[in-house]
Amino acid sequence: MKSVVPSVLTKSYDELDRKVRILEQLTKVIQIDIMDGELVPNISLGVDEVGKVNSKSKLEIHLMVKNPKAYIKPFANIGAFRAIFHIESDDNPLEVIDEIKKSNMEPGIAINPPTPLEKILPFLSLVNVVLVMGVNPGFQGQKFIPETLDKVRAIKKIRPELIIELDGGVNPEIGPSLVEAGVDILNVGSYLFKDGDVKDHWDRMQEVIKNQ
Ligand code: DX5
C-alpha cells in the first residue's frame, strides 16, 4: 500500500502551525523535520513547539541530529508515533532503536546519499521503516539525486516486506520512478506548498500512487 507523507521543515512555530492546520485536513500522517545544526547545517524548532501544535494527524519525527537518543523520550511524550534517526549520527544504532521501542514508538533508520547501503544492513530487521534520503538533508527545495533509487531497489530485494520511505526532491514528475523502484511512502515537502494551491498539489501526488 503506497502513501504520501508531507514533510514540514521549519524553525518558526507560526509556519509549523499554519502548515499543520492545512495538512491535517489532507493526511493522517505528517513528518516533522528536527535538525540540530550539527548532523545537518540547519536548525529547526524543538520539541516544545512541536508539542504545542496539537495536530489531528499522527506525527513522524525525522531526527537529523547528532545524538538522537536525547530526543526520543521528549518526542514520545508529545505523542509522536514514529521516530526516524540517521545512521550517520553518533549514537549506537542498537541503543537508539531499543530506546525508541521502549518509548512505544516505531523505529525508523535514515541513510544519506553518500552513505554506503552496507552501513544499515545489520539494522533492517530491527526497524519498521527505512528512510532513503533523495537529497543531502537540511533544506527543502533541493534537486532529487536519482542514484539513491539504487538503494531502494537493493533494500526491496533484501527485505521486500520492509517499508521504504524516500525523502527529498519528491514531486509528481519523479514520483512514478520512485514507485517503480519500490518506494512505499513518498515524503514531499516544498512541492506541496509552492505557488499556494496545496490541495491541488496533494491531489497530483495522490495520482502518482493511485492503483499501486
Ligand atoms: C530534507 C528533509 C526533507 C525535506 C523535504 O532535509 O529531510 O524532509 O523537508 O523537502 P523537499 O520535498 O522540498 O525536498
# chains A, B, ... in the order shown; residues from 1 in each chain; ligands from 1
$ residues_near_ligand --ligand "ligand 1" --cutoff "10 Å" --atoms "only C-alpha atoms and all ligand atoms" --output "ChimeraX atom specification"
/A:5-10,31-35,40-42,61-64,110,112,131-144,166-171,186-194
$ write_last_selection --atoms "N, CA and C atoms" --output "short mmCIF file (atom, residue, chain, number, x, y, z; two decimals), in the first residue's frame"
data_model
loop_
_atom_site.label_atom_id
_atom_site.label_comp_id
_atom_site.auth_asym_id
_atom_site.auth_seq_id
_atom_site.Cartn_x
_atom_site.Cartn_y
_atom_site.Cartn_z
N VAL A 5 3.45 11.14 2.43
CA VAL A 5 3.53 11.78 3.75
C VAL A 5 4.22 13.13 3.59
N PRO A 6 3.56 14.22 3.96
CA PRO A 6 4.20 15.54 3.82
C PRO A 6 5.25 15.76 4.89
N SER A 7 6.29 16.51 4.52
CA SER A 7 7.36 16.87 5.47
C SER A 7 7.27 18.35 5.77
N VAL A 8 7.40 18.70 7.05
CA VAL A 8 7.44 20.12 7.44
C VAL A 8 8.81 20.41 8.04
N LEU A 9 9.52 21.33 7.38
CA LEU A 9 10.86 21.70 7.85
C LEU A 9 10.82 23.20 8.16
N THR A 10 10.91 23.56 9.45
CA THR A 10 10.80 24.97 9.78
C THR A 10 11.43 25.27 11.13
N GLN A 31 5.22 14.30 8.63
CA GLN A 31 6.61 14.17 9.10
C GLN A 31 7.13 15.55 9.52
N ILE A 32 7.69 15.60 10.72
CA ILE A 32 8.29 16.84 11.20
C ILE A 32 9.81 16.68 11.20
N ASP A 33 10.50 17.60 10.52
CA ASP A 33 11.97 17.55 10.44
C ASP A 33 12.58 18.23 11.66
N ILE A 34 13.43 17.52 12.37
CA ILE A 34 14.12 18.07 13.54
C ILE A 34 15.62 18.09 13.24
N MET A 35 16.22 19.27 13.33
CA MET A 35 17.64 19.44 12.95
C MET A 35 18.38 20.17 14.07
N VAL A 40 23.27 18.13 10.40
CA VAL A 40 22.98 18.86 9.16
C VAL A 40 23.19 20.34 9.42
N PRO A 41 23.52 21.12 8.38
CA PRO A 41 23.85 22.55 8.58
C PRO A 41 22.61 23.44 8.67
N ASN A 42 21.66 23.04 9.51
CA ASN A 42 20.44 23.84 9.67
C ASN A 42 19.84 23.48 11.03
N ILE A 61 8.63 11.70 13.42
CA ILE A 61 9.71 12.65 13.66
C ILE A 61 10.97 12.21 12.93
N HIS A 62 11.50 13.09 12.09
CA HIS A 62 12.73 12.78 11.33
C HIS A 62 13.87 13.48 12.03
N LEU A 63 14.65 12.71 12.80
CA LEU A 63 15.71 13.26 13.64
C LEU A 63 17.02 13.38 12.86
N MET A 64 17.26 14.59 12.35
CA MET A 64 18.53 14.87 11.67
C MET A 64 19.46 15.49 12.71
N ALA A 110 17.39 6.20 8.83
CA ALA A 110 17.56 7.01 7.61
C ALA A 110 19.01 6.92 7.14
N ASN A 112 21.79 8.77 4.23
CA ASN A 112 22.06 9.86 3.29
C ASN A 112 22.65 9.33 1.99
N LEU A 131 14.31 5.11 5.79
CA LEU A 131 14.12 6.37 5.07
C LEU A 131 15.34 6.60 4.19
N VAL A 132 15.15 6.46 2.90
CA VAL A 132 16.25 6.70 1.95
C VAL A 132 16.21 8.17 1.57
N MET A 133 17.28 8.90 1.85
CA MET A 133 17.30 10.33 1.52
C MET A 133 17.59 10.50 0.04
N GLY A 134 16.72 11.29 -0.61
CA GLY A 134 16.92 11.59 -2.03
C GLY A 134 17.77 12.84 -2.24
N VAL A 135 18.09 13.50 -1.14
CA VAL A 135 18.96 14.70 -1.17
C VAL A 135 19.84 14.65 0.08
N ASN A 136 20.86 15.50 0.09
CA ASN A 136 21.64 15.63 1.32
C ASN A 136 20.82 16.48 2.28
N PRO A 137 20.47 15.98 3.44
CA PRO A 137 19.44 16.61 4.27
C PRO A 137 19.84 17.96 4.86
N GLY A 138 18.79 18.73 5.17
CA GLY A 138 18.99 20.01 5.86
C GLY A 138 18.17 21.13 5.28
N PHE A 139 17.75 20.97 4.02
CA PHE A 139 16.98 22.06 3.40
C PHE A 139 15.92 21.49 2.45
N GLN A 140 14.87 22.27 2.24
CA GLN A 140 13.85 21.87 1.27
C GLN A 140 14.19 22.48 -0.10
N GLY A 141 13.50 21.99 -1.13
CA GLY A 141 13.65 22.57 -2.46
C GLY A 141 14.88 22.12 -3.22
N GLN A 142 15.55 21.08 -2.73
CA GLN A 142 16.75 20.60 -3.45
C GLN A 142 16.37 19.64 -4.57
N LYS A 143 17.31 19.38 -5.48
CA LYS A 143 17.05 18.50 -6.62
C LYS A 143 17.27 17.04 -6.22
N PHE A 144 16.34 16.20 -6.61
CA PHE A 144 16.43 14.76 -6.30
C PHE A 144 17.66 14.14 -6.95
N LEU A 166 10.98 7.51 0.87
CA LEU A 166 12.01 8.32 0.20
C LEU A 166 11.68 9.78 0.41
N ASP A 167 12.72 10.55 0.75
CA ASP A 167 12.54 11.92 1.22
C ASP A 167 13.57 12.85 0.57
N GLY A 168 13.01 13.90 -0.10
CA GLY A 168 13.94 14.88 -0.66
C GLY A 168 13.78 15.02 -2.16
N GLY A 169 13.29 16.19 -2.57
CA GLY A 169 13.15 16.47 -4.01
C GLY A 169 11.99 15.78 -4.68
N VAL A 170 11.03 15.28 -3.89
CA VAL A 170 9.92 14.50 -4.47
C VAL A 170 8.84 15.42 -5.07
N ASN A 171 8.36 15.02 -6.26
CA ASN A 171 7.26 15.74 -6.92
C ASN A 171 6.59 14.79 -7.90
N LEU A 186 6.12 8.19 -0.11
CA LEU A 186 6.78 9.31 -0.75
C LEU A 186 6.67 10.52 0.18
N ASN A 187 7.81 10.98 0.70
CA ASN A 187 7.80 12.19 1.54
C ASN A 187 7.89 13.42 0.63
N VAL A 188 6.98 14.34 0.83
CA VAL A 188 7.02 15.52 -0.05
C VAL A 188 6.98 16.78 0.81
N GLY A 189 7.84 17.71 0.49
CA GLY A 189 7.96 18.95 1.27
C GLY A 189 7.56 20.16 0.45
N SER A 190 8.54 20.80 -0.13
CA SER A 190 8.30 22.11 -0.77
C SER A 190 7.34 22.04 -1.95
N TYR A 191 7.28 20.88 -2.63
CA TYR A 191 6.38 20.81 -3.81
C TYR A 191 4.95 21.14 -3.39
N LEU A 192 4.53 20.63 -2.21
CA LEU A 192 3.14 20.84 -1.80
C LEU A 192 2.80 22.32 -1.65
N PHE A 193 3.77 23.09 -1.16
CA PHE A 193 3.44 24.47 -0.77
C PHE A 193 3.89 25.50 -1.80
N LYS A 194 4.46 25.02 -2.92
CA LYS A 194 4.91 26.07 -3.86
C LYS A 194 3.69 26.63 -4.59
#
$ residues_around --residues "Lys119 (chain A)" --least-positions-apart "5" --cutoff "10 Å" --atoms "only C-alpha atoms" --output "list in words"
Ile87, Glu88 and Ile111 of chain A
$ select_by_dssp --residues "chain A" --states "helix (DSSP H, G or I)" --output "ChimeraX atom specification"
/A:13-23,47-52,69-77,93-102,117-119,121-126,148-158,175-181,190-193,198-209
$ select_by_dssp --residues "chain A" --states "strand (DSSP E or B)" --output "short mmCIF file (atom, residue, chain, number, x, y, z; two decimals) with N, CA, C and O atoms, in the first residue's frame"
data_model
loop_
_atom_site.label_atom_id
_atom_site.label_comp_id
_atom_site.auth_asym_id
_atom_site.auth_seq_id
_atom_site.Cartn_x
_atom_site.Cartn_y
_atom_site.Cartn_z
N SER A 3 1.81 5.35 -0.02
CA SER A 3 1.20 6.56 0.57
C SER A 3 2.12 7.76 0.37
O SER A 3 3.30 7.61 0.03
N VAL A 4 1.54 8.93 0.59
CA VAL A 4 2.29 10.19 0.52
C VAL A 4 2.27 10.78 1.92
O VAL A 4 1.21 10.86 2.55
N VAL A 5 3.45 11.14 2.43
CA VAL A 5 3.53 11.78 3.75
C VAL A 5 4.22 13.13 3.59
O VAL A 5 5.36 13.19 3.09
N PRO A 6 3.56 14.22 3.96
CA PRO A 6 4.20 15.54 3.82
C PRO A 6 5.25 15.76 4.89
O PRO A 6 5.13 15.24 6.01
N SER A 7 6.29 16.51 4.52
CA SER A 7 7.36 16.87 5.47
C SER A 7 7.27 18.35 5.77
O SER A 7 7.12 19.16 4.86
N VAL A 8 7.40 18.70 7.05
CA VAL A 8 7.44 20.12 7.44
C VAL A 8 8.81 20.41 8.04
O VAL A 8 9.19 19.79 9.04
N VAL A 29 -0.88 11.29 8.47
CA VAL A 29 0.50 11.29 8.99
C VAL A 29 1.25 12.50 8.44
O VAL A 29 1.18 12.81 7.25
N ILE A 30 1.96 13.18 9.34
CA ILE A 30 2.81 14.32 8.95
C ILE A 30 4.21 14.06 9.49
O ILE A 30 4.35 13.64 10.65
N GLN A 31 5.22 14.30 8.63
CA GLN A 31 6.61 14.17 9.10
C GLN A 31 7.13 15.55 9.52
O GLN A 31 6.98 16.52 8.77
N ILE A 32 7.69 15.60 10.72
CA ILE A 32 8.29 16.84 11.20
C ILE A 32 9.81 16.68 11.20
O ILE A 32 10.33 15.71 11.78
N ASP A 33 10.50 17.60 10.52
CA ASP A 33 11.97 17.55 10.44
C ASP A 33 12.58 18.23 11.66
O ASP A 33 12.26 19.38 11.94
N ILE A 34 13.43 17.52 12.37
CA ILE A 34 14.12 18.07 13.54
C ILE A 34 15.62 18.09 13.24
O ILE A 34 16.20 17.05 12.89
N MET A 35 16.22 19.27 13.33
CA MET A 35 17.64 19.44 12.95
C MET A 35 18.38 20.17 14.07
O MET A 35 17.86 21.12 14.66
N ASP A 36 19.63 19.73 14.32
CA ASP A 36 20.39 20.30 15.45
C ASP A 36 21.53 21.21 15.00
O ASP A 36 22.33 21.67 15.83
N ILE A 43 19.05 24.40 11.55
CA ILE A 43 18.44 24.17 12.87
C ILE A 43 16.92 24.35 12.75
O ILE A 43 16.46 25.28 12.08
N LYS A 58 -1.15 11.99 12.90
CA LYS A 58 -0.07 11.37 13.67
C LYS A 58 1.25 11.99 13.22
O LYS A 58 1.42 12.32 12.05
N LEU A 59 2.18 12.16 14.17
CA LEU A 59 3.46 12.78 13.84
C LEU A 59 4.57 11.75 13.78
O LEU A 59 4.77 10.97 14.71
N GLU A 60 5.29 11.80 12.64
CA GLU A 60 6.51 11.01 12.45
C GLU A 60 7.65 12.02 12.56
O GLU A 60 7.60 13.07 11.93
N ILE A 61 8.63 11.70 13.42
CA ILE A 61 9.71 12.65 13.66
C ILE A 61 10.97 12.21 12.93
O ILE A 61 11.43 11.07 13.11
N HIS A 62 11.50 13.09 12.09
CA HIS A 62 12.73 12.78 11.33
C HIS A 62 13.87 13.48 12.03
O HIS A 62 14.04 14.70 11.91
N LEU A 63 14.65 12.71 12.80
CA LEU A 63 15.71 13.26 13.64
C LEU A 63 17.02 13.38 12.86
O LEU A 63 17.79 12.43 12.76
N MET A 64 17.26 14.59 12.35
CA MET A 64 18.53 14.87 11.67
C MET A 64 19.46 15.49 12.71
O MET A 64 19.76 16.69 12.69
N ARG A 82 6.29 7.62 15.49
CA ARG A 82 7.45 7.03 14.81
C ARG A 82 8.62 7.99 14.95
O ARG A 82 8.44 9.22 14.81
N ALA A 83 9.77 7.44 15.20
CA ALA A 83 11.00 8.26 15.27
C ALA A 83 12.02 7.65 14.32
O ALA A 83 12.31 6.44 14.40
N ILE A 84 12.51 8.48 13.39
CA ILE A 84 13.49 8.03 12.39
C ILE A 84 14.80 8.73 12.68
O ILE A 84 14.84 9.97 12.73
N PHE A 85 15.86 7.93 12.93
CA PHE A 85 17.17 8.52 13.21
C PHE A 85 18.12 8.21 12.06
O PHE A 85 17.85 7.31 11.24
N HIS A 86 19.23 8.92 12.00
CA HIS A 86 20.20 8.75 10.91
C HIS A 86 21.33 7.81 11.31
O HIS A 86 21.89 7.93 12.39
N GLU A 106 7.46 3.63 16.79
CA GLU A 106 8.02 2.78 15.74
C GLU A 106 9.41 3.31 15.36
O GLU A 106 9.55 4.50 15.09
N PRO A 107 10.43 2.46 15.32
CA PRO A 107 11.76 2.93 14.92
C PRO A 107 11.92 2.94 13.39
O PRO A 107 11.44 2.04 12.69
N GLY A 108 12.59 3.99 12.92
CA GLY A 108 12.97 4.06 11.51
C GLY A 108 14.42 4.47 11.43
O GLY A 108 14.92 5.17 12.32
N ILE A 109 15.10 4.03 10.37
CA ILE A 109 16.51 4.39 10.19
C ILE A 109 16.64 5.11 8.84
O ILE A 109 16.02 4.70 7.85
N ALA A 110 17.39 6.20 8.83
CA ALA A 110 17.56 7.01 7.61
C ALA A 110 19.01 6.92 7.14
O ALA A 110 19.94 6.76 7.94
N ILE A 111 19.18 7.04 5.80
CA ILE A 111 20.51 6.95 5.21
C ILE A 111 20.67 8.04 4.15
O ILE A 111 19.81 8.22 3.29
N VAL A 129 10.63 1.02 9.37
CA VAL A 129 10.81 1.71 8.08
C VAL A 129 12.27 2.07 7.87
O VAL A 129 13.03 2.25 8.84
N VAL A 130 12.62 2.20 6.59
CA VAL A 130 13.93 2.77 6.26
C VAL A 130 13.66 4.01 5.41
O VAL A 130 12.81 3.99 4.51
N LEU A 131 14.31 5.11 5.79
CA LEU A 131 14.12 6.37 5.07
C LEU A 131 15.34 6.60 4.19
O LEU A 131 16.44 6.87 4.69
N VAL A 132 15.15 6.46 2.90
CA VAL A 132 16.25 6.70 1.95
C VAL A 132 16.21 8.17 1.57
O VAL A 132 15.17 8.65 1.06
N MET A 133 17.28 8.90 1.85
CA MET A 133 17.30 10.33 1.52
C MET A 133 17.59 10.50 0.04
O MET A 133 18.55 9.94 -0.48
N ILE A 163 9.07 -1.42 4.96
CA ILE A 163 8.52 -0.18 4.36
C ILE A 163 9.68 0.76 4.02
O ILE A 163 10.53 1.03 4.87
N ILE A 164 9.70 1.22 2.78
CA ILE A 164 10.74 2.16 2.35
C ILE A 164 10.12 3.53 2.10
O ILE A 164 9.16 3.66 1.34
N GLU A 165 10.65 4.53 2.81
CA GLU A 165 10.25 5.93 2.55
C GLU A 165 11.35 6.57 1.73
O GLU A 165 12.53 6.24 1.92
N LEU A 166 10.98 7.51 0.87
CA LEU A 166 12.01 8.32 0.20
C LEU A 166 11.68 9.78 0.41
O LEU A 166 10.52 10.21 0.25
N ASP A 167 12.72 10.55 0.75
CA ASP A 167 12.54 11.92 1.22
C ASP A 167 13.57 12.85 0.57
O ASP A 167 14.76 12.58 0.64
N ILE A 185 6.47 4.90 0.71
CA ILE A 185 5.99 6.18 1.24
C ILE A 185 6.80 7.30 0.59
O ILE A 185 8.04 7.33 0.70
N LEU A 186 6.12 8.19 -0.11
CA LEU A 186 6.78 9.31 -0.75
C LEU A 186 6.67 10.52 0.18
O LEU A 186 5.55 10.99 0.46
N ASN A 187 7.81 10.98 0.70
CA ASN A 187 7.80 12.19 1.54
C ASN A 187 7.89 13.42 0.63
O ASN A 187 8.77 13.47 -0.23
N VAL A 188 6.98 14.34 0.83
CA VAL A 188 7.02 15.52 -0.05
C VAL A 188 6.98 16.78 0.81
O VAL A 188 6.17 16.89 1.74
#
$ closest_residue --among "A:Val47, A:Pro116, A:Asn211, A:Phe81" --to "Asp150 (chain A)" --atoms "only C-alpha atoms"
A:Pro116
$ closest_residue --among "A:Ile209, A:Ile22, A:Val152, A:Ile72" --to "Glu95 (chain A)" --atoms "only C-alpha atoms"
A:Ile72
$ residues_around --residues "Glu207 (chain A)" --least-positions-apart "5" --cutoff "10 Å" --atoms "only C-alpha atoms" --output "list in words"
Pro172, Gly175, Pro176, His201, Trp202 and Gln212 of chain A
$ write_last_selection --atoms "N, CA, C and O atoms" --output "mmCIF file, in the first residue's frame"
data_model
loop_
_atom_site.group_PDB
_atom_site.id
_atom_site.type_symbol
_atom_site.label_atom_id
_atom_site.label_comp_id
_atom_site.auth_asym_id
_atom_site.auth_seq_id
_atom_site.Cartn_x
_atom_site.Cartn_y
_atom_site.Cartn_z
ATOM 1 N N PRO A 172 5.501 15.169 -8.548
ATOM 2 C CA PRO A 172 4.790 14.224 -9.433
ATOM 3 C C PRO A 172 5.625 13.771 -10.628
ATOM 4 O O PRO A 172 5.402 12.688 -11.164
ATOM 5 N N GLY A 175 7.836 11.056 -9.217
ATOM 6 C CA GLY A 175 7.073 10.088 -8.424
ATOM 7 C C GLY A 175 6.982 8.692 -9.033
ATOM 8 O O GLY A 175 7.289 7.691 -8.347
ATOM 9 N N PRO A 176 6.588 8.577 -10.317
ATOM 10 C CA PRO A 176 6.461 7.227 -10.906
ATOM 11 C C PRO A 176 7.748 6.400 -10.825
ATOM 12 O O PRO A 176 7.700 5.194 -10.582
ATOM 13 N N HIS A 201 -1.784 20.298 -5.407
ATOM 14 C CA HIS A 201 -0.510 19.567 -5.447
ATOM 15 C C HIS A 201 -0.624 18.235 -4.702
ATOM 16 O O HIS A 201 -0.054 17.227 -5.104
ATOM 17 N N TRP A 202 -1.410 18.227 -3.613
ATOM 18 C CA TRP A 202 -1.628 16.983 -2.878
ATOM 19 C C TRP A 202 -2.328 15.969 -3.788
ATOM 20 O O TRP A 202 -1.944 14.799 -3.865
ATOM 21 N N GLN A 212 -1.645 1.728 -7.189
ATOM 22 C CA GLN A 212 -0.376 0.998 -6.964
ATOM 23 C C GLN A 212 -0.572 -0.124 -5.958
ATOM 24 O O GLN A 212 -1.137 0.134 -4.919
#
